[in-house]
Amino acid sequence: KSLSKGLGLWLRGRARFSYVRMKYLFFSWLVVFVGSWIIYVQYSTYTELCRGKDCKKIICDKYKTGVIDGPACNSLCVTETLYFGKCLSTKPNNQAKLGDQGNLSELVNLILTVADGDKDGQVSLGEAKSAWALLQLNEFLLMVILQDKEHTPKLMGFCGDLYVMESVEYTSLYGVSLPWVIELFIPSGFRRSMDQLFTPSWPRKAKIAIGLLEFVEDVFHGPYGNFLMCDTSAKNLGYNEKYDLKMVDMRKIVPETNLKELIKDRHCESDLDCVYGTDCRTSCDQNTMKCTSEVIQPNLAKACQLLKDYLLRGAPSEIREELEKQLYSCIALKVTANQMEMEHSLILNNLKTLLWKKISYTNDS
């Protein structure tokens, strides 16, 4: 009797062990399967949209048949001193229309000057076709308009709808670059905390931050209209070896007139439906169930939101309280507020002055 009882306990123990083992194996297989599928989909997307050799062949075929032309064509297709390196984006359709701009005649003259790649005083048919293709891209338009500004990468040349701009040494405001496979499995909150550990010294961060504030000034009600920053994330900003800010990706900086046309009368259920990019938000009119055209938050407020943790971490104790106060005042800015432009200028100048006073006499700046 005791023998049969012991045998029964042993069998039940083996059954429980087998069940736990099967359960463990099933979930392990499921994790591997799901992870492999995610990696496959991401890799397929990457290879589908990052085909440098195919792009070069298409562009060079058009150049050799005289369809397009530009100052970068010879380097790309003949001497082959220009080549494709790292693929920085897998997003297609980064296009937008020119829209109505202030000082349109001056803008046209500026575009014609840039389009004349060989500087012979005439725009050939190939150069004109290249320029027209490029004008569908926000980033190219901004580089033309802001070509004399410090924080806009210099336009080095173009060929068809390919354009070349100056190299930027550090291609993110902060953080460390990781393989995209690893990025898939890192929680966003942990990633943000980890990124803040990989930043320059505080005086250098302050200098970079001043650069961003100056860029906000450059695109705010300039001679060619107002431009809105619709994706103010760290990956779109970089800096050079002197810690001067350089815009790395300006594709989501759009003319205000364009954004109003894109978003107005869009059907909406709530304010969440009235977003362009990640940061340009309008409100949903509950009476008409349509998006309004006025953006809620100005560029400066979005820039300050990005800079808050960046500047407060490691800030000198003697200015930390005042810096935090000014940053929160900046973040609270609204486009609809009375005297917004005056507040905008006052807050921006106060922030720049506070930072410059602290770093003016340091070696790091």
# chains A, B, ... in the order shown; residues from 1 in each chain; ligands from 1

call {"tool": "residues_around", "arguments": {"residues": "Glu217 in chain A", "least_positions_apart": "5", "cutoff": "10 Å", "atoms": "only C-alpha atoms", "output": "MDAnalysis selection string"}}
result
chainID A and resid 211:212 222 299:300 344:345 348

call {"tool": "write_last_selection", "arguments": {"atoms": "C-alpha atoms", "output": "compact mmCIF listing (two decimals), in the first residue's frame"}}
result
# COMPACT_ATOMS: atom_id res chain seq x y z
CA GLY A 211 22.14 77.20 -30.82
CA LEU A 212 18.67 75.63 -30.75
CA GLY A 222 11.38 85.37 -41.08
CA ASN A 299 8.28 76.31 -31.61
CA LEU A 300 9.96 77.86 -28.57
CA HIS A 344 8.18 84.78 -26.96
CA SER A 345 10.97 87.32 -27.52
CA LEU A 348 13.95 83.56 -25.50

call {"tool": "select_by_dssp", "arguments": {"residues": "range 252-341 of chain A", "states": "strand (DSSP E or B)", "output": "list in words"}}
result
Ile253, Val254, Pro255, His267, Val275, Tyr276, Cys280, Arg281, Cys284, Asp285, Lys290 and Cys291 of chain A

call {"tool": "residues_around", "arguments": {"residues": "Leu134 in chain A", "least_positions_apart": "6", "cutoff": "12 Å", "atoms": "only C-alpha atoms", "output": "short mmCIF file (atom, residue, chain, number, x, y, z; two decimals) with N, CA, C and O atoms, in the first residue's frame"}}
result
data_model
loop_
_atom_site.label_atom_id
_atom_site.label_comp_id
_atom_site.auth_asym_id
_atom_site.auth_seq_id
_atom_site.Cartn_x
_atom_site.Cartn_y
_atom_site.Cartn_z
N ILE A 68 18.46 65.13 -66.06
CA ILE A 68 18.73 65.96 -64.87
C ILE A 68 20.17 66.42 -64.89
O ILE A 68 21.01 65.88 -65.63
N GLY A 70 23.22 68.81 -62.19
CA GLY A 70 23.47 69.49 -60.92
C GLY A 70 24.93 69.37 -60.54
O GLY A 70 25.67 68.53 -61.09
N ASN A 94 8.71 61.89 -47.87
CA ASN A 94 8.99 63.06 -47.05
C ASN A 94 8.84 64.32 -47.90
O ASN A 94 9.76 65.12 -48.02
N GLN A 95 7.69 64.50 -48.49
CA GLN A 95 7.50 65.60 -49.41
C GLN A 95 6.40 66.54 -48.92
O GLN A 95 5.50 66.15 -48.20
N ALA A 96 6.50 67.80 -49.35
CA ALA A 96 5.47 68.79 -49.06
C ALA A 96 5.53 69.87 -50.13
O ALA A 96 6.53 70.03 -50.81
N LYS A 97 4.46 70.60 -50.26
CA LYS A 97 4.42 71.64 -51.29
C LYS A 97 5.01 72.93 -50.78
O LYS A 97 5.09 73.18 -49.58
N LEU A 98 5.39 73.80 -51.72
CA LEU A 98 6.01 75.06 -51.38
C LEU A 98 5.04 75.99 -50.69
O LEU A 98 5.36 76.64 -49.70
N ILE A 111 16.03 80.77 -55.41
CA ILE A 111 15.96 79.40 -55.92
C ILE A 111 16.67 79.28 -57.27
O ILE A 111 17.40 78.32 -57.53
N VAL A 114 20.41 79.15 -56.81
CA VAL A 114 20.85 77.82 -56.36
C VAL A 114 20.75 76.80 -57.50
O VAL A 114 21.61 75.93 -57.67
N ALA A 115 19.67 76.89 -58.29
CA ALA A 115 19.45 75.94 -59.39
C ALA A 115 20.55 76.01 -60.45
O ALA A 115 20.86 75.01 -61.10
N GLU A 127 19.00 71.21 -64.99
CA GLU A 127 19.08 71.87 -63.69
C GLU A 127 17.69 72.28 -63.21
O GLU A 127 17.38 72.16 -62.02
N ALA A 128 16.85 72.74 -64.13
CA ALA A 128 15.49 73.14 -63.76
C ALA A 128 14.68 71.95 -63.26
O ALA A 128 13.94 72.05 -62.27
N PHE A 140 15.11 70.74 -48.25
CA PHE A 140 15.86 71.47 -49.27
C PHE A 140 15.44 72.94 -49.30
O PHE A 140 16.27 73.84 -49.37
N LEU A 141 14.14 73.17 -49.26
CA LEU A 141 13.64 74.54 -49.27
C LEU A 141 14.19 75.34 -48.09
O LEU A 141 14.63 76.48 -48.25
N LEU A 142 14.20 74.73 -46.92
CA LEU A 142 14.72 75.41 -45.73
C LEU A 142 16.22 75.69 -45.85
O LEU A 142 16.69 76.74 -45.45
N MET A 143 16.97 74.74 -46.42
CA MET A 143 18.41 74.96 -46.58
C MET A 143 18.69 76.11 -47.54
O MET A 143 19.65 76.86 -47.36
N VAL A 144 17.84 76.26 -48.55
CA VAL A 144 17.99 77.38 -49.48
C VAL A 144 17.69 78.69 -48.77
O VAL A 144 18.44 79.67 -48.86
N GLY A 157 25.61 70.54 -52.80
CA GLY A 157 25.33 70.25 -54.20
C GLY A 157 24.09 69.39 -54.33
O GLY A 157 23.47 68.99 -53.35
N PHE A 158 23.71 69.10 -55.59
CA PHE A 158 22.54 68.27 -55.83
C PHE A 158 22.66 67.61 -57.20
O PHE A 158 23.45 68.03 -58.05
N CYS A 159 21.87 66.57 -57.38
CA CYS A 159 21.79 65.87 -58.67
C CYS A 159 20.43 65.20 -58.74
O CYS A 159 20.17 64.24 -58.01
N GLY A 160 19.55 65.71 -59.57
CA GLY A 160 18.17 65.23 -59.56
C GLY A 160 17.54 65.59 -58.23
O GLY A 160 17.70 66.71 -57.73
N ASP A 161 16.84 64.63 -57.61
CA ASP A 161 16.25 64.92 -56.31
C ASP A 161 17.15 64.45 -55.16
O ASP A 161 16.72 64.35 -54.01
N LEU A 162 18.44 64.19 -55.47
CA LEU A 162 19.44 63.91 -54.45
C LEU A 162 20.16 65.22 -54.11
O LEU A 162 20.58 65.95 -55.00
N TYR A 163 20.28 65.53 -52.83
CA TYR A 163 21.04 66.71 -52.45
C TYR A 163 22.07 66.33 -51.39
O TYR A 163 21.90 65.37 -50.64
N VAL A 164 23.18 67.06 -51.37
CA VAL A 164 24.30 66.78 -50.49
C VAL A 164 24.49 67.95 -49.55
O VAL A 164 24.55 69.11 -49.99
#

call {"tool": "residues_around", "arguments": {"residues": "Asp244 in chain A", "least_positions_apart": "5", "cutoff": "7 Å", "atoms": "only C-alpha atoms", "output": "number ranges by chain"}}
result
A: 207-208, 211, 239

call {"tool": "write_last_selection", "arguments": {"atoms": "N, CA and C atoms", "output": "PDB file, in the first residue's frame"}}
result
ATOM      1  N   LYS A 207      25.874  75.672 -24.603  1.00  0.00           N
ATOM      2  CA  LYS A 207      26.185  76.269 -25.906  1.00  0.00           C
ATOM      3  C   LYS A 207      25.314  75.655 -27.005  1.00  0.00           C
ATOM      4  N   ILE A 208      25.133  74.328 -26.965  1.00  0.00           N
ATOM      5  CA  ILE A 208      24.272  73.658 -27.944  1.00  0.00           C
ATOM      6  C   ILE A 208      22.840  74.160 -27.801  1.00  0.00           C
ATOM      7  N   GLY A 211      22.269  77.405 -29.372  1.00  0.00           N
ATOM      8  CA  GLY A 211      22.142  77.204 -30.822  1.00  0.00           C
ATOM      9  C   GLY A 211      20.721  76.851 -31.221  1.00  0.00           C
ATOM     10  N   TYR A 239      25.427  68.311 -33.534  1.00  0.00           N
ATOM     11  CA  TYR A 239      26.381  69.400 -33.290  1.00  0.00           C
ATOM     12  C   TYR A 239      27.742  69.002 -33.828  1.00  0.00           C
TER      13      TYR A 239
END

call {"tool": "closest_residue", "arguments": {"among": "A:Gly238, A:Gly66, A:Gly314, A:Gly121", "to": "Thr152 in chain A", "atoms": "only C-alpha atoms"}}
result
A:Gly238

call {"tool": "closest_residue", "arguments": {"among": "A:Asp265, A:Lys260, A:Glu322, A:Tyr174", "to": "Ser193 in chain A", "atoms": "only C-alpha atoms"}}
result
A:Tyr174

call {"tool": "residues_around", "arguments": {"residues": "Leu312 in chain A", "least_positions_apart": "6", "cutoff": "9 Å", "atoms": "only C-alpha atoms", "output": "list in words"}}
result
Arg320, Leu323 and Glu324 of chain A
